[in-house]
Structure formats: structure tokens, C-alpha cells
file upload.cif (mmCIF, N, CA and C atoms)
data_protein
loop_
_atom_site.label_atom_id
_atom_site.label_comp_id
_atom_site.auth_asym_id
_atom_site.auth_seq_id
_atom_site.Cartn_x
_atom_site.Cartn_y
_atom_site.Cartn_z
N MET A 232 0.83 -1.18 0.00
CA MET A 232 0.00 0.00 0.00
C MET A 232 0.88 1.25 0.00
N ARG A 233 0.54 2.19 -0.85
CA ARG A 233 1.32 3.41 -0.99
C ARG A 233 0.86 4.43 0.05
N THR A 234 1.81 5.00 0.77
CA THR A 234 1.46 6.04 1.73
C THR A 234 1.52 7.39 1.05
N ARG A 235 0.55 8.23 1.36
CA ARG A 235 0.51 9.56 0.77
C ARG A 235 1.49 10.48 1.48
N ARG A 236 2.18 11.27 0.69
CA ARG A 236 3.08 12.26 1.28
C ARG A 236 2.25 13.40 1.82
N LYS A 237 2.70 13.96 2.90
CA LYS A 237 2.01 15.11 3.49
C LYS A 237 2.45 16.36 2.73
N ILE A 238 1.48 17.07 2.20
CA ILE A 238 1.76 18.31 1.47
C ILE A 238 1.84 19.43 2.49
N MET A 239 2.88 20.23 2.42
CA MET A 239 3.11 21.26 3.41
C MET A 239 2.78 22.65 2.83
N ILE A 240 1.51 22.99 2.83
CA ILE A 240 1.09 24.33 2.47
C ILE A 240 0.33 24.86 3.68
N ASP A 241 0.83 25.93 4.29
CA ASP A 241 0.20 26.42 5.52
C ASP A 241 -1.09 27.20 5.22
N ASP A 242 -1.86 27.46 6.26
CA ASP A 242 -3.15 28.13 6.11
C ASP A 242 -3.02 29.52 5.51
N ARG A 243 -1.98 30.24 5.88
CA ARG A 243 -1.76 31.59 5.34
C ARG A 243 -1.58 31.53 3.82
N THR A 244 -0.75 30.60 3.36
CA THR A 244 -0.50 30.43 1.93
C THR A 244 -1.77 30.00 1.22
N ARG A 245 -2.52 29.10 1.84
CA ARG A 245 -3.79 28.67 1.23
C ARG A 245 -4.76 29.84 1.10
N GLY A 246 -4.73 30.75 2.05
CA GLY A 246 -5.55 31.95 1.95
C GLY A 246 -5.15 32.79 0.74
N GLY A 247 -3.86 32.91 0.51
CA GLY A 247 -3.37 33.62 -0.68
C GLY A 247 -3.77 32.91 -1.96
N LEU A 248 -3.70 31.58 -1.93
CA LEU A 248 -4.11 30.80 -3.11
C LEU A 248 -5.61 30.97 -3.37
N ALA A 249 -6.39 31.10 -2.31
CA ALA A 249 -7.83 31.34 -2.48
C ALA A 249 -8.06 32.68 -3.20
N LEU A 250 -7.27 33.69 -2.87
CA LEU A 250 -7.38 34.98 -3.57
C LEU A 250 -7.06 34.83 -5.05
N ILE A 251 -6.04 34.05 -5.35
CA ILE A 251 -5.66 33.82 -6.74
C ILE A 251 -6.76 33.06 -7.47
N ILE A 252 -7.31 32.06 -6.82
CA ILE A 252 -8.38 31.27 -7.44
C ILE A 252 -9.61 32.13 -7.69
N ASP A 253 -9.86 33.10 -6.80
CA ASP A 253 -10.99 34.01 -7.02
C ASP A 253 -10.84 34.77 -8.33
N VAL A 254 -9.60 35.06 -8.69
CA VAL A 254 -9.34 35.78 -9.95
C VAL A 254 -9.40 34.82 -11.13
N LEU A 255 -8.76 33.66 -11.01
CA LEU A 255 -8.66 32.73 -12.13
C LEU A 255 -9.94 31.95 -12.40
N LEU A 256 -10.64 31.59 -11.33
CA LEU A 256 -11.81 30.71 -11.46
C LEU A 256 -12.97 31.26 -10.63
N PRO A 257 -13.51 32.41 -11.06
CA PRO A 257 -14.55 33.07 -10.25
C PRO A 257 -15.90 32.37 -10.28
N GLY A 258 -16.08 31.43 -11.17
CA GLY A 258 -17.37 30.77 -11.31
C GLY A 258 -18.22 31.51 -12.34
N THR A 259 -19.22 30.82 -12.81
CA THR A 259 -20.14 31.39 -13.79
C THR A 259 -21.56 31.02 -13.38
N ARG A 260 -22.48 31.32 -14.24
CA ARG A 260 -23.87 30.96 -13.97
C ARG A 260 -24.02 29.45 -13.84
N THR A 261 -23.22 28.70 -14.58
CA THR A 261 -23.36 27.24 -14.58
C THR A 261 -22.22 26.49 -13.87
N LEU A 262 -21.11 27.15 -13.62
CA LEU A 262 -19.96 26.50 -12.97
C LEU A 262 -19.68 27.13 -11.61
N PRO A 263 -19.36 26.31 -10.61
CA PRO A 263 -19.02 26.87 -9.30
C PRO A 263 -17.66 27.56 -9.33
N SER A 264 -17.42 28.41 -8.37
CA SER A 264 -16.12 29.07 -8.27
C SER A 264 -15.07 28.09 -7.75
N GLY A 265 -13.82 28.42 -7.99
CA GLY A 265 -12.73 27.59 -7.49
C GLY A 265 -12.70 27.53 -5.98
N ARG A 266 -13.00 28.65 -5.35
CA ARG A 266 -13.02 28.67 -3.88
C ARG A 266 -14.15 27.79 -3.34
N ALA A 267 -15.31 27.83 -4.01
CA ALA A 267 -16.47 27.06 -3.56
C ALA A 267 -16.21 25.55 -3.58
N VAL A 268 -15.39 25.10 -4.53
CA VAL A 268 -15.10 23.66 -4.60
C VAL A 268 -13.82 23.28 -3.85
N GLY A 269 -13.16 24.27 -3.26
CA GLY A 269 -11.95 23.99 -2.48
C GLY A 269 -10.75 23.63 -3.33
N ALA A 270 -10.62 24.26 -4.49
CA ALA A 270 -9.49 23.94 -5.37
C ALA A 270 -8.14 24.29 -4.73
N HIS A 271 -8.14 25.11 -3.70
CA HIS A 271 -6.90 25.49 -3.02
C HIS A 271 -6.61 24.60 -1.80
N LEU A 272 -7.47 23.61 -1.59
CA LEU A 272 -7.33 22.75 -0.40
C LEU A 272 -6.86 21.35 -0.79
N ASP A 273 -7.62 20.33 -0.45
CA ASP A 273 -7.20 18.94 -0.69
C ASP A 273 -6.99 18.63 -2.17
N LEU A 274 -7.78 19.22 -3.03
CA LEU A 274 -7.61 18.96 -4.47
C LEU A 274 -6.24 19.43 -4.94
N LEU A 275 -5.81 20.59 -4.45
CA LEU A 275 -4.48 21.09 -4.81
C LEU A 275 -3.40 20.17 -4.23
N ASP A 276 -3.63 19.66 -3.04
CA ASP A 276 -2.67 18.70 -2.47
C ASP A 276 -2.50 17.49 -3.38
N GLN A 277 -3.59 17.02 -3.96
CA GLN A 277 -3.52 15.87 -4.87
C GLN A 277 -2.72 16.21 -6.12
N VAL A 278 -2.88 17.43 -6.62
CA VAL A 278 -2.13 17.86 -7.80
C VAL A 278 -0.64 17.90 -7.48
N VAL A 279 -0.29 18.50 -6.34
CA VAL A 279 1.12 18.61 -5.96
C VAL A 279 1.70 17.24 -5.63
N GLU A 280 0.88 16.36 -5.08
CA GLU A 280 1.36 15.01 -4.83
C GLU A 280 1.68 14.30 -6.15
N ALA A 281 0.84 14.53 -7.16
CA ALA A 281 1.05 13.91 -8.46
C ALA A 281 2.29 14.47 -9.16
N ASP A 282 2.54 15.77 -8.98
CA ASP A 282 3.72 16.40 -9.58
C ASP A 282 4.35 17.34 -8.56
N PRO A 283 5.20 16.82 -7.69
CA PRO A 283 5.80 17.63 -6.63
C PRO A 283 6.57 18.85 -7.11
N ARG A 284 6.98 18.86 -8.38
CA ARG A 284 7.71 20.02 -8.90
C ARG A 284 6.85 21.27 -8.90
N LEU A 285 5.52 21.12 -8.89
CA LEU A 285 4.62 22.28 -8.90
C LEU A 285 4.52 22.95 -7.53
N GLY A 286 4.80 22.21 -6.47
CA GLY A 286 4.64 22.71 -5.11
C GLY A 286 5.33 24.03 -4.83
N PRO A 287 6.62 24.15 -5.11
CA PRO A 287 7.31 25.41 -4.80
C PRO A 287 6.74 26.62 -5.57
N PHE A 288 6.34 26.43 -6.80
CA PHE A 288 5.79 27.53 -7.59
C PHE A 288 4.47 28.01 -6.98
N VAL A 289 3.61 27.04 -6.68
CA VAL A 289 2.30 27.36 -6.12
C VAL A 289 2.45 28.01 -4.75
N SER A 290 3.30 27.47 -3.91
CA SER A 290 3.50 28.02 -2.57
C SER A 290 4.06 29.43 -2.61
N SER A 291 5.03 29.64 -3.48
CA SER A 291 5.65 30.96 -3.60
C SER A 291 4.63 32.03 -3.98
N VAL A 292 3.83 31.75 -4.98
CA VAL A 292 2.84 32.72 -5.43
C VAL A 292 1.75 32.88 -4.38
N GLY A 293 1.37 31.80 -3.72
CA GLY A 293 0.39 31.88 -2.64
C GLY A 293 0.87 32.74 -1.49
N ASP A 294 2.16 32.63 -1.15
CA ASP A 294 2.74 33.47 -0.10
C ASP A 294 2.68 34.95 -0.46
N LEU A 295 3.00 35.25 -1.71
CA LEU A 295 2.97 36.65 -2.15
C LEU A 295 1.55 37.21 -2.14
N ALA A 296 0.60 36.39 -2.54
CA ALA A 296 -0.80 36.83 -2.53
C ALA A 296 -1.28 37.05 -1.10
N ALA A 297 -0.87 36.16 -0.20
CA ALA A 297 -1.26 36.30 1.20
C ALA A 297 -0.69 37.57 1.81
N ALA A 298 0.54 37.91 1.46
CA ALA A 298 1.16 39.13 1.97
C ALA A 298 0.47 40.37 1.43
N SER A 299 0.01 40.30 0.19
CA SER A 299 -0.64 41.44 -0.45
C SER A 299 -2.08 41.62 0.03
N GLN A 300 -2.75 40.53 0.30
CA GLN A 300 -4.15 40.49 0.73
C GLN A 300 -5.14 40.96 -0.33
N THR A 301 -4.66 41.29 -1.51
CA THR A 301 -5.51 41.57 -2.67
C THR A 301 -4.83 40.93 -3.86
N CYS A 302 -5.59 40.78 -4.94
CA CYS A 302 -5.01 40.08 -6.07
C CYS A 302 -5.73 40.45 -7.36
N THR A 303 -4.94 40.75 -8.39
CA THR A 303 -5.45 40.93 -9.74
C THR A 303 -4.66 39.98 -10.64
N PHE A 304 -5.12 39.83 -11.87
CA PHE A 304 -4.37 38.95 -12.77
C PHE A 304 -2.97 39.52 -13.03
N ALA A 305 -2.87 40.83 -13.11
CA ALA A 305 -1.55 41.45 -13.30
C ALA A 305 -0.62 41.10 -12.14
N ASP A 306 -1.17 41.08 -10.92
CA ASP A 306 -0.36 40.69 -9.76
C ASP A 306 0.12 39.24 -9.91
N ILE A 307 -0.79 38.36 -10.30
CA ILE A 307 -0.43 36.94 -10.46
C ILE A 307 0.69 36.81 -11.49
N GLU A 308 0.56 37.52 -12.60
CA GLU A 308 1.60 37.47 -13.64
C GLU A 308 2.94 37.96 -13.08
N ARG A 309 2.91 39.03 -12.32
CA ARG A 309 4.14 39.59 -11.77
C ARG A 309 4.75 38.63 -10.75
N TRP A 310 3.92 38.09 -9.86
CA TRP A 310 4.43 37.19 -8.82
C TRP A 310 4.98 35.89 -9.40
N ALA A 311 4.30 35.34 -10.40
CA ALA A 311 4.70 34.04 -10.94
C ALA A 311 5.80 34.16 -11.98
N GLY A 312 5.85 35.28 -12.69
CA GLY A 312 6.87 35.46 -13.72
C GLY A 312 6.80 34.37 -14.77
N GLU A 313 7.94 33.77 -15.04
CA GLU A 313 7.99 32.74 -16.08
C GLU A 313 7.31 31.44 -15.65
N ASP A 314 6.94 31.35 -14.40
CA ASP A 314 6.27 30.14 -13.89
C ASP A 314 4.75 30.28 -13.87
N LEU A 315 4.23 31.31 -14.50
CA LEU A 315 2.78 31.55 -14.51
C LEU A 315 2.01 30.34 -15.02
N GLU A 316 2.46 29.76 -16.10
CA GLU A 316 1.75 28.63 -16.69
C GLU A 316 1.69 27.45 -15.72
N ARG A 317 2.76 27.20 -15.00
CA ARG A 317 2.78 26.10 -14.03
C ARG A 317 1.78 26.35 -12.89
N VAL A 318 1.75 27.58 -12.40
CA VAL A 318 0.84 27.92 -11.30
C VAL A 318 -0.61 27.79 -11.75
N VAL A 319 -0.93 28.36 -12.90
CA VAL A 319 -2.30 28.29 -13.41
C VAL A 319 -2.68 26.84 -13.70
N PHE A 320 -1.76 26.08 -14.26
CA PHE A 320 -2.01 24.67 -14.54
C PHE A 320 -2.37 23.92 -13.26
N ALA A 321 -1.60 24.12 -12.21
CA ALA A 321 -1.84 23.41 -10.94
C ALA A 321 -3.22 23.77 -10.38
N LEU A 322 -3.55 25.04 -10.37
CA LEU A 322 -4.83 25.46 -9.80
C LEU A 322 -6.01 25.02 -10.66
N GLN A 323 -5.86 25.11 -11.97
CA GLN A 323 -6.95 24.65 -12.83
C GLN A 323 -7.11 23.13 -12.76
N SER A 324 -6.02 22.42 -12.63
CA SER A 324 -6.10 20.96 -12.49
C SER A 324 -6.88 20.59 -11.25
N ALA A 325 -6.57 21.27 -10.14
CA ALA A 325 -7.31 21.02 -8.89
C ALA A 325 -8.79 21.31 -9.09
N TYR A 326 -9.10 22.39 -9.77
CA TYR A 326 -10.50 22.78 -10.01
C TYR A 326 -11.25 21.70 -10.80
N TYR A 327 -10.66 21.25 -11.89
CA TYR A 327 -11.34 20.27 -12.74
C TYR A 327 -11.37 18.86 -12.14
N MET A 328 -10.65 18.63 -11.06
CA MET A 328 -10.73 17.36 -10.35
C MET A 328 -11.96 17.32 -9.44
N SER A 329 -12.58 18.46 -9.20
CA SER A 329 -13.72 18.54 -8.30
C SER A 329 -14.94 17.81 -8.87
N PRO A 330 -15.57 16.96 -8.08
CA PRO A 330 -16.79 16.29 -8.55
C PRO A 330 -17.90 17.27 -8.94
N GLN A 331 -17.99 18.40 -8.22
CA GLN A 331 -19.03 19.39 -8.56
C GLN A 331 -18.79 19.99 -9.94
N VAL A 332 -17.54 20.27 -10.27
CA VAL A 332 -17.22 20.85 -11.57
C VAL A 332 -17.46 19.82 -12.66
N ARG A 333 -17.00 18.60 -12.45
CA ARG A 333 -17.22 17.56 -13.46
C ARG A 333 -18.70 17.33 -13.70
N SER A 334 -19.48 17.36 -12.63
CA SER A 334 -20.92 17.19 -12.76
C SER A 334 -21.53 18.36 -13.54
N ALA A 335 -21.12 19.57 -13.22
CA ALA A 335 -21.66 20.75 -13.92
C ALA A 335 -21.31 20.73 -15.41
N LEU A 336 -20.17 20.14 -15.74
CA LEU A 336 -19.75 20.04 -17.15
C LEU A 336 -20.39 18.85 -17.86
N GLY A 337 -21.01 17.95 -17.09
CA GLY A 337 -21.59 16.76 -17.69
C GLY A 337 -20.55 15.70 -18.02
N TYR A 338 -19.39 15.77 -17.37
CA TYR A 338 -18.33 14.80 -17.62
C TYR A 338 -18.53 13.59 -16.73
N PRO A 339 -18.74 12.42 -17.31
CA PRO A 339 -19.02 11.23 -16.50
C PRO A 339 -17.78 10.64 -15.84
N GLY A 340 -16.62 11.08 -16.23
CA GLY A 340 -15.39 10.50 -15.69
C GLY A 340 -14.90 9.37 -16.56
N GLN A 341 -13.76 8.84 -16.19
CA GLN A 341 -13.19 7.75 -16.96
C GLN A 341 -13.96 6.48 -16.67
N GLY A 342 -14.10 5.69 -17.66
CA GLY A 342 -14.79 4.42 -17.48
C GLY A 342 -14.48 3.49 -18.64
N ARG A 343 -14.87 2.28 -18.48
CA ARG A 343 -14.63 1.27 -19.51
C ARG A 343 -15.66 1.44 -20.61
N ARG A 344 -15.19 1.63 -21.83
CA ARG A 344 -16.07 1.69 -23.00
C ARG A 344 -15.44 0.85 -24.10
N PRO A 345 -15.80 -0.40 -24.20
CA PRO A 345 -15.22 -1.26 -25.23
C PRO A 345 -15.46 -0.70 -26.63
N ILE A 346 -14.51 -0.88 -27.50
CA ILE A 346 -14.61 -0.37 -28.87
C ILE A 346 -15.83 -0.95 -29.57
N ALA A 347 -16.25 -2.13 -29.20
CA ALA A 347 -17.41 -2.75 -29.83
C ALA A 347 -18.69 -1.94 -29.60
N LEU A 348 -18.70 -1.12 -28.53
CA LEU A 348 -19.87 -0.30 -28.23
C LEU A 348 -19.80 1.10 -28.85
N ALA A 349 -18.68 1.41 -29.51
CA ALA A 349 -18.51 2.74 -30.10
C ALA A 349 -19.39 2.92 -31.32
N THR A 350 -19.81 4.15 -31.52
CA THR A 350 -20.58 4.48 -32.72
C THR A 350 -19.62 4.57 -33.90
N PRO A 351 -20.11 4.46 -35.13
CA PRO A 351 -19.22 4.59 -36.29
C PRO A 351 -18.45 5.92 -36.29
N GLU A 352 -19.08 7.01 -35.82
CA GLU A 352 -18.41 8.32 -35.78
C GLU A 352 -17.26 8.33 -34.76
N GLU A 353 -17.40 7.54 -33.69
CA GLU A 353 -16.33 7.48 -32.70
C GLU A 353 -15.15 6.64 -33.18
N VAL A 354 -15.43 5.67 -34.03
CA VAL A 354 -14.38 4.80 -34.53
C VAL A 354 -13.57 5.51 -35.61
N CYS A 355 -14.25 6.15 -36.52
CA CYS A 355 -13.56 6.82 -37.62
C CYS A 355 -14.45 7.93 -38.17
N SER A 356 -13.87 9.09 -38.32
CA SER A 356 -14.60 10.20 -38.91
C SER A 356 -13.64 10.96 -39.83
N ASP A 357 -14.21 11.74 -40.72
CA ASP A 357 -13.37 12.52 -41.62
C ASP A 357 -12.45 13.45 -40.83
N GLU A 358 -12.96 14.01 -39.75
CA GLU A 358 -12.16 14.92 -38.93
C GLU A 358 -11.00 14.18 -38.26
N LEU A 359 -11.25 12.97 -37.84
CA LEU A 359 -10.23 12.18 -37.17
C LEU A 359 -9.07 11.83 -38.10
N VAL A 360 -9.38 11.47 -39.34
CA VAL A 360 -8.32 11.06 -40.26
C VAL A 360 -7.78 12.19 -41.11
N ALA A 361 -8.35 13.40 -41.01
CA ALA A 361 -7.93 14.53 -41.84
C ALA A 361 -6.43 14.83 -41.76
N PRO A 362 -5.82 14.85 -40.58
CA PRO A 362 -4.37 15.12 -40.53
C PRO A 362 -3.55 14.08 -41.27
N VAL A 363 -3.97 12.83 -41.23
CA VAL A 363 -3.24 11.76 -41.92
C VAL A 363 -3.40 11.92 -43.43
N VAL A 364 -4.61 12.20 -43.88
CA VAL A 364 -4.86 12.39 -45.31
C VAL A 364 -4.08 13.60 -45.81
N ALA A 365 -4.10 14.70 -45.03
CA ALA A 365 -3.40 15.92 -45.44
C ALA A 365 -1.89 15.71 -45.51
N ARG A 366 -1.36 14.88 -44.63
CA ARG A 366 0.08 14.61 -44.61
C ARG A 366 0.52 13.87 -45.86
N GLY A 367 -0.31 13.01 -46.37
CA GLY A 367 0.05 12.22 -47.54
C GLY A 367 0.78 10.95 -47.14
N ALA A 368 1.17 10.21 -48.14
CA ALA A 368 1.83 8.92 -47.92
C ALA A 368 3.18 9.13 -47.23
N VAL A 369 3.47 8.27 -46.29
CA VAL A 369 4.74 8.28 -45.59
C VAL A 369 5.25 6.85 -45.59
N TYR A 370 6.38 6.65 -46.23
CA TYR A 370 6.94 5.31 -46.23
C TYR A 370 8.43 5.43 -46.47
N VAL A 371 9.12 4.36 -46.13
CA VAL A 371 10.55 4.29 -46.35
C VAL A 371 10.76 3.16 -47.35
N PRO A 372 11.33 3.47 -48.51
CA PRO A 372 11.54 2.40 -49.48
C PRO A 372 12.50 1.34 -48.91
N THR A 373 12.19 0.11 -49.21
CA THR A 373 13.05 -0.98 -48.76
C THR A 373 14.16 -1.19 -49.79
N PRO A 374 15.32 -1.58 -49.32
CA PRO A 374 16.41 -1.85 -50.28
C PRO A 374 16.10 -3.11 -51.08
N LEU A 375 16.61 -3.16 -52.28
CA LEU A 375 16.41 -4.34 -53.13
C LEU A 375 17.29 -5.48 -52.76
#

call {"tool": "encode", "arguments": {"input": "upload.cif", "output": "C-alpha cells"}}
result
Amino acid sequence: MRTRRKIMIDDRTRGGLALIIDVLLPGTRTLPSGRAVGAHLDLLDQVVEADPRLGPFVSSVGDLAAASQTCTFADIERWAGEDLERVVFALQSAYYMSPQVRSALGYPGQGRRPIALATPEEVCSDELVAPVVARGAVYVPTPL
């Protein structure tokens, strides 16, 4: 049995991450906000556990947001610098892992779907094979 590593993000930093999530994932008429689903809590821990390299980036930006106590997207860009994509990726990943978000999107989750049950459009469609057709024949002539 695999033991889970303890993720070390303190409450102050999580508060800063909540401010960032309020900017990045404010929610819509049909989707809950990132704060409402706790994307800065256990879900984020799961993301960092899956890719520990994201932890320092997320914590650093969360600390800066906590110190500022306010947050705009320009602030997030400034705080994260070249690591902005990593920070946004981690927080969005946590958000989309939420059962409430998946339900709101109508995503049933991963499951077994044997190819025999696929519709003809799922097996092959013009859109699916278009890149291969556009590329043309690819082969390596064999020596004689």
C-alpha cells in the first residue's frame, strides 16, 4: 500500500491561493467558483502530490498573494513570472478534479467503453483522419 506524502502548504499560503483562485476561477452561472469547490485545499494537495515540482511555484505565489491580501491577474503574472503557466495549470487541475465541476460540465469520468460499443463516428470520422490524409503517404523504401 502506498502512503501519501504530506503536502506542506500552511493556512496563510492557502488563503493567498484562495485569492488567486478568485481571480482565475470566479465561477459562472453554470460552474461553481474555485473557492467554492476547495481547489486550493485537498484537491491542490492531490495535484502537488502527483507532480511535486509544482509545489514550490504554487506556494511561492500563494505566499505573495497572502502578503498582499488583494489580487489581480496582473499581480499573479508579476508574482509568478515565467512560472505563470505552471501555477495556473496546478490550480486549474485542482479545479477540474472537483466532482461538482465535473458534474456541472456533464463529464461522467473515466470508465470502460469497449470499442465494440462505439458508434461509427467514434471509430472513424473525416475529422479524425484529416491530418493523416493531409500529410500524404509516408513510407521508407526498402532496399532491393

call {"tool": "closest_residue", "arguments": {"input": "upload.cif", "among": "A:Thr244, A:Arg317, A:Pro374, A:Leu250", "to": "Thr301 of chain A", "atoms": "only N, CA and C atoms"}}
result
A:Leu250

call {"tool": "closest_residue", "arguments": {"input": "upload.cif", "among": "A:Val318, A:Glu313, A:Ala365, A:Gln331", "to": "Leu285 of chain A", "atoms": "only N, CA and C atoms"}}
result
A:Val318

call {"tool": "closest_residue", "arguments": {"input": "upload.cif", "among": "A:Pro351, A:Asp294, A:Ala267, A:Leu275", "to": "Arg245 of chain A", "atoms": "all atoms listed in the file"}}
result
A:Asp294

call {"tool": "residues_near_point", "arguments": {"input": "upload.cif", "point": "(-19.2, 24.8, -9.3)", "cutoff": "7 Å", "atoms": "only C-alpha atoms", "output": "ChimeraX atom specification"}}
result
/A:258,262-264,267-268,331-332,335

call {"tool": "closest_residue", "arguments": {"input": "upload.cif", "among": "A:Glu353, A:Ala249, A:Leu359, A:Arg344", "to": "His271 of chain A", "atoms": "only N, CA and C atoms"}}
result
A:Ala249

call {"tool": "resolve_selection", "arguments": {"input": "upload.cif", "expression": "the PyMOL selection byres ((chain A and resi 302-309) around 8)", "output": "PyMOL selection string"}}
result
chain A and resi 250-251+253-255+292+296+299-301+310-315

call {"tool": "atom_distance", "arguments": {"input": "upload.cif", "atom1": "atom CA of Leu256 of chain A", "atom2": "atom CA of Tyr326 of chain A"}}
result
8.2 Å

call {"tool": "resolve_selection", "arguments": {"input": "upload.cif", "expression": "the PyMOL selection byres ((chain A and resi 270) around 8)", "output": "count of residues only"}}
result
24

call {"tool": "closest_residue", "arguments": {"input": "upload.cif", "among": "A:Val371, A:Ala347, A:Ser290, A:Gln341", "to": "Ile240 of chain A", "atoms": "all atoms listed in the file"}}
result
A:Ser290

call {"tool": "select_by_dssp", "arguments": {"input": "upload.cif", "residues": "chain A", "states": "helix (DSSP H, G or I)", "output": "number ranges by chain"}}
result
A: 242-255, 273-281, 283-299, 304-327, 330-336, 346-348, 351-354, 357-366

call {"tool": "atom_distance", "arguments": {"input": "upload.cif", "atom1": "atom CA of Glu280 of chain A", "atom2": "atom CA of Tyr338 of chain A"}}
result
23.5 Å

call {"tool": "atom_distance", "arguments": {"input": "upload.cif", "atom1": "atom CA of Thr350 of chain A", "atom2": "atom CA of Pro330 of chain A"}}
result
27.2 Å

call {"tool": "axis_aligned_box", "arguments": {"input": "upload.cif", "around": "segment 289-306 of chain A", "padding_each_side": "8 Å", "output": "lines of an AutoDock Vina configuration file"}}
result
center_x = 0.0
center_y = 34.3
center_z = -5.7
size_x = 27.4
size_y = 30.6
size_z = 31.3

call {"tool": "decode", "arguments": {"input": "upload.cif", "residues": "segment 299-312 of chain A", "atoms": "C-alpha atoms", "output": "mmCIF file, in the first residue's frame"}}
result
data_model
loop_
_atom_site.group_PDB
_atom_site.id
_atom_site.type_symbol
_atom_site.label_atom_id
_atom_site.label_comp_id
_atom_site.auth_asym_id
_atom_site.auth_seq_id
_atom_site.Cartn_x
_atom_site.Cartn_y
_atom_site.Cartn_z
ATOM 1 C CA SER A 299 -0.643 41.441 -0.449
ATOM 2 C CA GLN A 300 -4.147 40.490 0.726
ATOM 3 C CA THR A 301 -5.508 41.572 -2.669
ATOM 4 C CA CYS A 302 -5.012 40.076 -6.074
ATOM 5 C CA THR A 303 -5.449 40.926 -9.745
ATOM 6 C CA PHE A 304 -4.366 38.952 -12.774
ATOM 7 C CA ALA A 305 -1.547 41.448 -13.303
ATOM 8 C CA ASP A 306 -0.361 40.685 -9.761
ATOM 9 C CA ILE A 307 -0.426 36.943 -10.458
ATOM 10 C CA GLU A 308 1.602 37.474 -13.637
ATOM 11 C CA ARG A 309 4.144 39.588 -11.768
ATOM 12 C CA TRP A 310 4.426 37.193 -8.818
ATOM 13 C CA ALA A 311 4.700 34.037 -10.942
ATOM 14 C CA GLY A 312 6.868 35.462 -13.715
#
